[in-house]
>>> print(open('input.tsv').read())   # TSV, C-alpha atoms
chain	number	residue	atom	x	y	z
A	1	TYR	CA	105.99	117.18	92.77
A	2	ILE	CA	104.65	113.71	91.88
A	3	PRO	CA	107.09	111.75	89.65
A	4	THR	CA	105.95	110.72	86.20
A	5	PHE	CA	108.36	107.76	86.25
A	6	GLN	CA	108.02	105.60	89.36
A	7	GLY	CA	109.84	102.47	90.42
A	8	ALA	CA	107.73	99.72	92.00
A	9	ARG	CA	107.79	98.56	95.61
A	10	GLU	CA	106.37	95.13	96.40
A	11	GLY	CA	103.25	95.41	98.52
A	12	THR	CA	103.53	99.17	99.01
A	13	TYR	CA	104.19	102.47	97.25
A	14	ASN	CA	107.39	104.26	96.32
A	15	GLU	CA	108.06	106.58	99.24
A	16	ASN	CA	109.66	109.13	96.92
A	17	ALA	CA	106.41	109.52	94.96
A	18	ILE	CA	104.04	110.51	97.75
A	19	LEU	CA	103.02	114.17	98.00
A	20	SER	CA	102.04	115.48	101.47
A	21	VAL	CA	101.58	119.10	102.58
A	22	ALA	CA	101.24	120.99	105.84
A	23	TYR	CA	100.56	124.57	106.92
A	24	THR	CA	101.30	126.05	110.29
A	25	GLU	CA	101.65	129.37	112.04
A	26	ASN	CA	103.48	127.85	115.01
A	27	ASN	CA	105.89	124.96	115.52
A	28	SER	CA	103.30	122.17	115.06
A	29	LEU	CA	102.95	120.46	111.68
A	30	ALA	CA	100.28	117.98	110.62
A	31	PHE	CA	100.90	116.70	107.09
A	32	LYS	CA	97.97	115.82	104.84
A	33	ASN	CA	98.12	113.37	101.96
A	34	ALA	CA	97.68	115.30	98.70
A	35	CYS	CA	97.78	112.34	96.32
A	36	ALA	CA	95.85	109.19	95.53
A	37	LEU	CA	97.07	105.67	94.77
A	38	LEU	CA	96.57	103.18	91.96
A	39	LYS	CA	96.49	99.57	93.08
A	40	PHE	CA	97.08	96.56	90.83
A	41	THR	CA	98.47	93.04	90.53
A	42	VAL	CA	100.01	91.32	87.50
A	43	LYS	CA	99.25	87.91	86.05
A	44	GLY	CA	101.79	86.28	83.81
A	45	GLU	CA	105.25	86.41	85.34
A	46	LYS	CA	108.08	87.80	83.20
A	47	SER	CA	105.75	89.41	80.67
A	48	ILE	CA	104.97	92.97	81.88
A	49	LYS	CA	107.70	95.38	82.92
A	50	ALA	CA	105.86	98.72	82.97
A	51	ILE	CA	102.38	100.20	82.90
A	52	GLU	CA	101.22	103.61	81.73
A	53	PHE	CA	98.10	105.10	83.34
A	54	TYR	CA	96.30	108.18	81.98
A	55	GLY	CA	92.98	109.97	81.95
A	56	ASN	CA	91.05	109.89	78.69
A	57	ASN	CA	90.65	113.67	78.86
A	58	SER	CA	94.35	114.36	79.55
A	59	GLU	CA	93.93	115.26	83.23
A	60	ALA	CA	97.15	116.24	85.06
A	61	VAL	CA	98.22	113.37	87.34
A	62	THR	CA	101.97	113.92	87.80
A	63	GLY	CA	104.55	116.71	87.81
A	64	ASN	CA	104.52	119.96	89.78
A	65	MET	CA	101.31	120.49	91.75
A	66	LEU	CA	99.63	123.51	93.38
A	67	VAL	CA	97.87	122.30	96.53
A	68	THR	CA	95.13	124.43	98.10
A	69	LEU	CA	94.01	123.76	101.68
A	70	ASN	CA	90.71	124.32	103.44
A	71	GLU	CA	90.57	126.32	106.68
A	72	ASP	CA	90.89	123.10	108.68
A	73	ASN	CA	94.06	122.26	106.70
A	74	THR	CA	92.44	119.42	104.75
A	75	VAL	CA	93.22	119.28	101.04
A	76	LYS	CA	90.81	121.33	98.94
A	77	SER	CA	92.32	120.90	95.49
A	78	VAL	CA	95.42	119.69	93.66
A	79	GLU	CA	96.14	121.46	90.38
A	80	GLY	CA	98.74	120.39	87.83
A	81	LEU	CA	101.32	122.95	86.68
A	82	GLU	CA	103.71	123.19	83.75
A	83	THR	CA	106.63	120.87	84.42
A	84	THR	CA	109.85	119.74	82.75
A	85	PHE	CA	109.99	115.95	82.38
A	86	GLN	CA	112.89	113.71	81.49
A	87	GLU	CA	113.28	110.01	80.74
A	88	GLY	CA	116.65	108.92	79.49
A	89	ASP	CA	117.84	111.53	77.03
A	90	ASN	CA	114.35	112.85	76.25
A	91	THR	CA	113.17	116.11	77.85
A	92	TRP	CA	109.85	117.85	77.33
A	93	ASN	CA	107.63	120.43	79.01
A	94	GLY	CA	103.93	120.38	79.80
A	95	MET	CA	101.40	118.78	82.10
A	96	GLY	CA	102.05	115.31	83.47
A	97	THR	CA	99.00	113.66	81.95
A	98	TRP	CA	100.22	110.10	82.59
A	99	VAL	CA	102.37	108.04	84.93
A	100	LYS	CA	104.79	105.29	83.90
A	101	PHE	CA	105.23	102.70	86.63
A	102	TYR	CA	108.07	100.23	86.06
A	103	SER	CA	109.54	97.18	87.75
A	104	GLU	CA	112.98	97.42	89.33
A	105	ASP	CA	113.32	93.64	89.73
A	106	LYS	CA	116.48	92.67	87.82
A	107	ALA	CA	116.27	89.07	89.05
A	108	ASN	CA	112.86	88.77	87.39
A	109	ASP	CA	114.06	90.14	84.04
A	110	TRP	CA	112.91	93.64	85.06
A	111	CYS	CA	109.28	92.48	85.09
A	112	PHE	CA	106.58	92.60	87.76
A	113	LYS	CA	106.06	89.53	89.93
A	114	GLU	CA	102.85	87.61	89.53
A	115	GLY	CA	100.30	88.01	92.32
A	116	VAL	CA	102.18	90.81	94.13
A	117	THR	CA	100.26	94.01	94.95
A	118	TYR	CA	101.77	97.27	93.68
A	119	TYR	CA	100.79	100.92	94.16
A	120	ALA	CA	101.52	104.03	92.07
A	121	ALA	CA	100.99	107.61	93.30
A	122	ILE	CA	99.05	110.13	91.20
A	123	ALA	CA	97.36	113.45	91.79
A	124	PRO	CA	93.64	113.24	92.63
A	125	ALA	CA	91.59	114.23	89.60
A	126	ASN	CA	88.10	114.20	88.19
A	127	PHE	CA	88.51	111.91	85.18
A	128	THR	CA	85.60	113.23	83.16
A	129	LYS	CA	85.97	110.66	80.37
A	130	GLY	CA	87.38	107.78	82.38
A	131	VAL	CA	90.87	106.27	82.43
A	132	ALA	CA	92.98	103.80	80.46
A	133	LEU	CA	96.14	101.70	80.78
A	134	ASN	CA	98.93	100.75	78.39
A	135	LEU	CA	101.28	97.84	79.03
A	136	ILE	CA	105.00	97.69	78.23
A	137	LEU	CA	106.03	94.06	77.69
A	138	ALA	CA	109.37	92.42	78.39
A	139	ASP	CA	110.46	92.92	74.77
A	140	ASP	CA	109.52	96.66	74.94
A	141	THR	CA	106.34	96.17	72.91
A	142	LYS	CA	103.63	98.65	73.93
A	143	VAL	CA	100.07	97.34	74.13
A	144	GLU	CA	97.66	100.27	73.92
A	145	ALA	CA	94.52	100.57	76.06
A	146	VAL	CA	94.71	97.03	77.46
A	147	LYS	CA	92.21	98.19	80.06
A	148	LYS	CA	89.89	101.16	79.55
A	149	ILE	CA	87.06	102.72	81.54
A	150	ASP	CA	84.94	105.22	79.61
A	151	THR	CA	82.77	106.42	82.49
A	152	ALA	CA	83.66	109.47	84.61
A	153	TYR	CA	85.47	108.85	87.89
A	154	ASP	CA	86.23	111.47	90.54
A	155	LEU	CA	89.36	110.33	92.40
A	156	LYS	CA	89.72	112.07	95.75
A	157	PRO	CA	92.89	112.72	97.80
A	158	ASN	CA	93.97	109.93	100.13
A	159	THR	CA	91.95	107.28	98.29
A	160	ILE	CA	92.85	104.19	96.26
A	161	LEU	CA	91.73	103.31	92.74
A	162	ASN	CA	91.88	99.52	92.45
A	163	ILE	CA	92.72	98.68	88.85
A	164	GLY	CA	92.62	94.96	89.56
A	165	GLU	CA	94.60	92.28	87.77
A	166	LEU	CA	96.60	93.12	84.65
A	167	GLU	CA	97.39	90.40	82.15
A	168	TYR	CA	98.62	90.43	78.59
A	169	LYS	CA	97.11	87.84	76.28
A	170	ALA	CA	98.53	87.58	72.79
A	171	PRO	CA	95.85	87.99	70.13
A	172	ALA	CA	94.60	84.75	68.65
A	173	VAL	CA	95.95	83.86	65.25
A	174	GLU	CA	93.06	83.39	62.85
A	175	ASN	CA	94.69	80.58	60.90
A	176	LEU	CA	97.45	78.29	62.11
A	177	ASN	CA	97.66	76.27	58.88
A	178	TRP	CA	100.67	78.19	57.68
A	179	GLY	CA	103.67	76.56	56.07
A	180	ILE	CA	106.78	77.29	54.05
A	181	ALA	CA	107.26	75.96	50.54
A	182	GLY	CA	110.30	76.51	48.40
A	183	THR	CA	113.36	74.97	46.87
A	184	MET	CA	113.85	72.95	50.05
A	185	THR	CA	110.58	71.12	49.29
A	186	SER	CA	110.93	71.32	45.52
A	187	TRP	CA	107.87	73.62	45.63
A	188	ALA	CA	105.77	70.48	45.84
A	189	ASP	CA	102.22	70.50	47.20
A	190	GLY	CA	101.79	68.52	50.38
A	191	LYS	CA	105.39	69.02	51.40
A	192	ASP	CA	105.14	72.39	53.16
A	193	LEU	CA	107.23	72.75	56.28
A	194	ALA	CA	104.63	73.33	59.03
A	195	MET	CA	104.74	76.38	61.28
A	196	VAL	CA	103.88	76.39	64.99
A	197	GLN	CA	102.77	79.22	67.28
A	198	GLU	CA	105.23	80.45	69.92
A	199	GLY	CA	103.84	83.47	71.72
A	200	ASP	CA	103.05	86.17	69.16
A	201	TRP	CA	104.99	84.40	66.41
A	202	LEU	CA	104.49	81.59	63.91
A	203	VAL	CA	107.77	79.68	63.67
A	204	ALA	CA	109.14	77.19	61.14
A	205	LYS	CA	111.72	74.90	62.70
A	206	ASN	CA	114.55	72.85	61.19
A	207	VAL	CA	114.61	74.83	57.95
A	208	THR	CA	117.76	74.60	55.83
A	209	LEU	CA	118.27	77.12	53.04
A	210	ASN	CA	121.28	76.90	50.79
A	211	ALA	CA	122.80	79.84	48.99
A	212	GLY	CA	120.45	81.08	46.30
A	213	ALA	CA	117.48	79.20	47.74
A	214	SER	CA	114.06	80.86	47.82
A	215	PHE	CA	110.80	80.27	49.66
A	216	LYS	CA	107.29	81.62	50.20
A	217	PHE	CA	104.75	81.44	53.02
A	218	ARG	CA	101.35	79.99	52.25
A	219	THR	CA	98.28	78.87	54.13
A	220	ASP	CA	96.15	75.76	53.69
A	221	GLY	CA	98.37	74.75	50.79
A	222	LYS	CA	97.18	77.72	48.74
A	223	TRP	CA	99.23	80.42	47.07
A	224	GLY	CA	96.68	83.18	47.53
A	225	THR	CA	98.57	84.69	50.51
A	226	GLU	CA	102.34	85.02	50.31
>>> encode(input="input.tsv", output="structure tokens")
Amino acid sequence: YIPTFQGAREGTYNENAILSVAYTENNSLAFKNACALLKFTVKGEKSIKAIEFYGNNSEAVTGNMLVTLNEDNTVKSVEGLETTFQEGDNTWNGMGTWVKFYSEDKANDWCFKEGVTYYAAIAPANFTKGVALNLILADDTKVEAVKKIDTAYDLKPNTILNIGELEYKAPAVENLNWGIAGTMTSWADGKDLAMVQEGDWLVAKNVTLNAGASFKFRTDGKWGTE
């Protein structure tokens, strides 16, 4: 079994996620690694608290696995099986076609530390259509396919796929000349309350609205967009 939900360990992997197997007909056991590792770092402290990795052709990477060995006890294949998964109060059955890797760092607002190397365990697989990554931000926003590879990649047992550096950059706002006009400015042109960008948001500060007051958003002093 390779967990679908894995807590992070700084500079190493979660020891509870690694799958190793051994076969013997005597009292000597030599375990072989039957999984692969994802390697990544995060840029932008206190912004990313989880990542989701998956194959673009829904390859099985977590859950119950059937491991077949060669005659010399090396790993021949790792095949995903039907598994029951649970996160919180949600339970479902099927193949583990993705892994969710999350930070356990409460002191860092449950987010990954910048510049620290992390590893996640997955089953080796031939990703025939490549792989992709989603990010879960500190405010629980999911950013789909923040990194995507469309070419095939055959990930072998006991190897590492280096994803590289993960960073979330808020999309650029096409027009920052937004303002608020309303009863607080007597609806007068040239007296819009300016808005400033803070992260993903445009914010109007020091706005006072009395009971019954009304307002509209507009850009470049025009009423075309409300």
>>> closest_residue(input="input.tsv", among="A:Gly94, A:Gly164, A:Gly88, A:Gly44", to="Thr117 of chain A", atoms="only C-alpha atoms")
A:Gly164
>>> residues_around(input="input.tsv", residues="Ala17 of chain A", least_positions_apart="4", cutoff="7 Å", atoms="only C-alpha atoms", output="tab-separated table (two decimals) with C-alpha atoms, keeping the file's coordinate frame")
chain	number	residue	atom	x	y	z
A	2	ILE	CA	104.65	113.71	91.88
A	3	PRO	CA	107.09	111.75	89.65
A	121	ALA	CA	100.99	107.61	93.30
>>> atom_distance(input="input.tsv", atom1="atom CA of Phe53 of chain A", atom2="atom CA of Asn134 of chain A")
6.6 Å
>>> closest_residue(input="input.tsv", among="A:Trp201, A:Tyr153, A:Tyr118, A:Trp187", to="Leu38 of chain A", atoms="all atoms listed in the file")
A:Tyr118
>>> closest_residue(input="input.tsv", among="A:Ser77, A:Thr12, A:Thr219, A:Thr151", to="Ala34 of chain A", atoms="all atoms listed in the file")
A:Ser77
>>> residues_around(input="input.tsv", residues="Asn57 of chain A", least_positions_apart="4", cutoff="12 Å", atoms="all atoms listed in the file", output="ChimeraX atom specification")
/A:61,97-98,125-132,149-153
>>> closest_residue(input="input.tsv", among="A:Cys111, A:Leu209, A:Arg218, A:Lys147", to="Gly179 of chain A", atoms="all atoms listed in the file")
A:Arg218
>>> closest_residue(input="input.tsv", among="A:Gly182, A:Gly212, A:Gly115, A:Pro157", to="Ser20 of chain A", atoms="all atoms listed in the file")
A:Pro157
>>> atom_distance(input="input.tsv", atom1="atom CA of Thr62 of chain A", atom2="atom CA of Val116 of chain A")
24.0 Å
>>> closest_residue(input="input.tsv", among="A:Asn108, A:Asn27, A:Thr159, A:Asn177", to="Ile122 of chain A", atoms="all atoms listed in the file")
A:Thr159
>>> atom_distance(input="input.tsv", atom1="atom CA of Asn70 of chain A", atom2="atom CA of Leu19 of chain A")
16.9 Å
>>> residues_around(input="input.tsv", residues="Asp105 of chain A", least_positions_apart="3", cutoff="10 Å", atoms="only C-alpha atoms", output="MDAnalysis selection string")
chainID A and resid 7:10 49 102 108:113
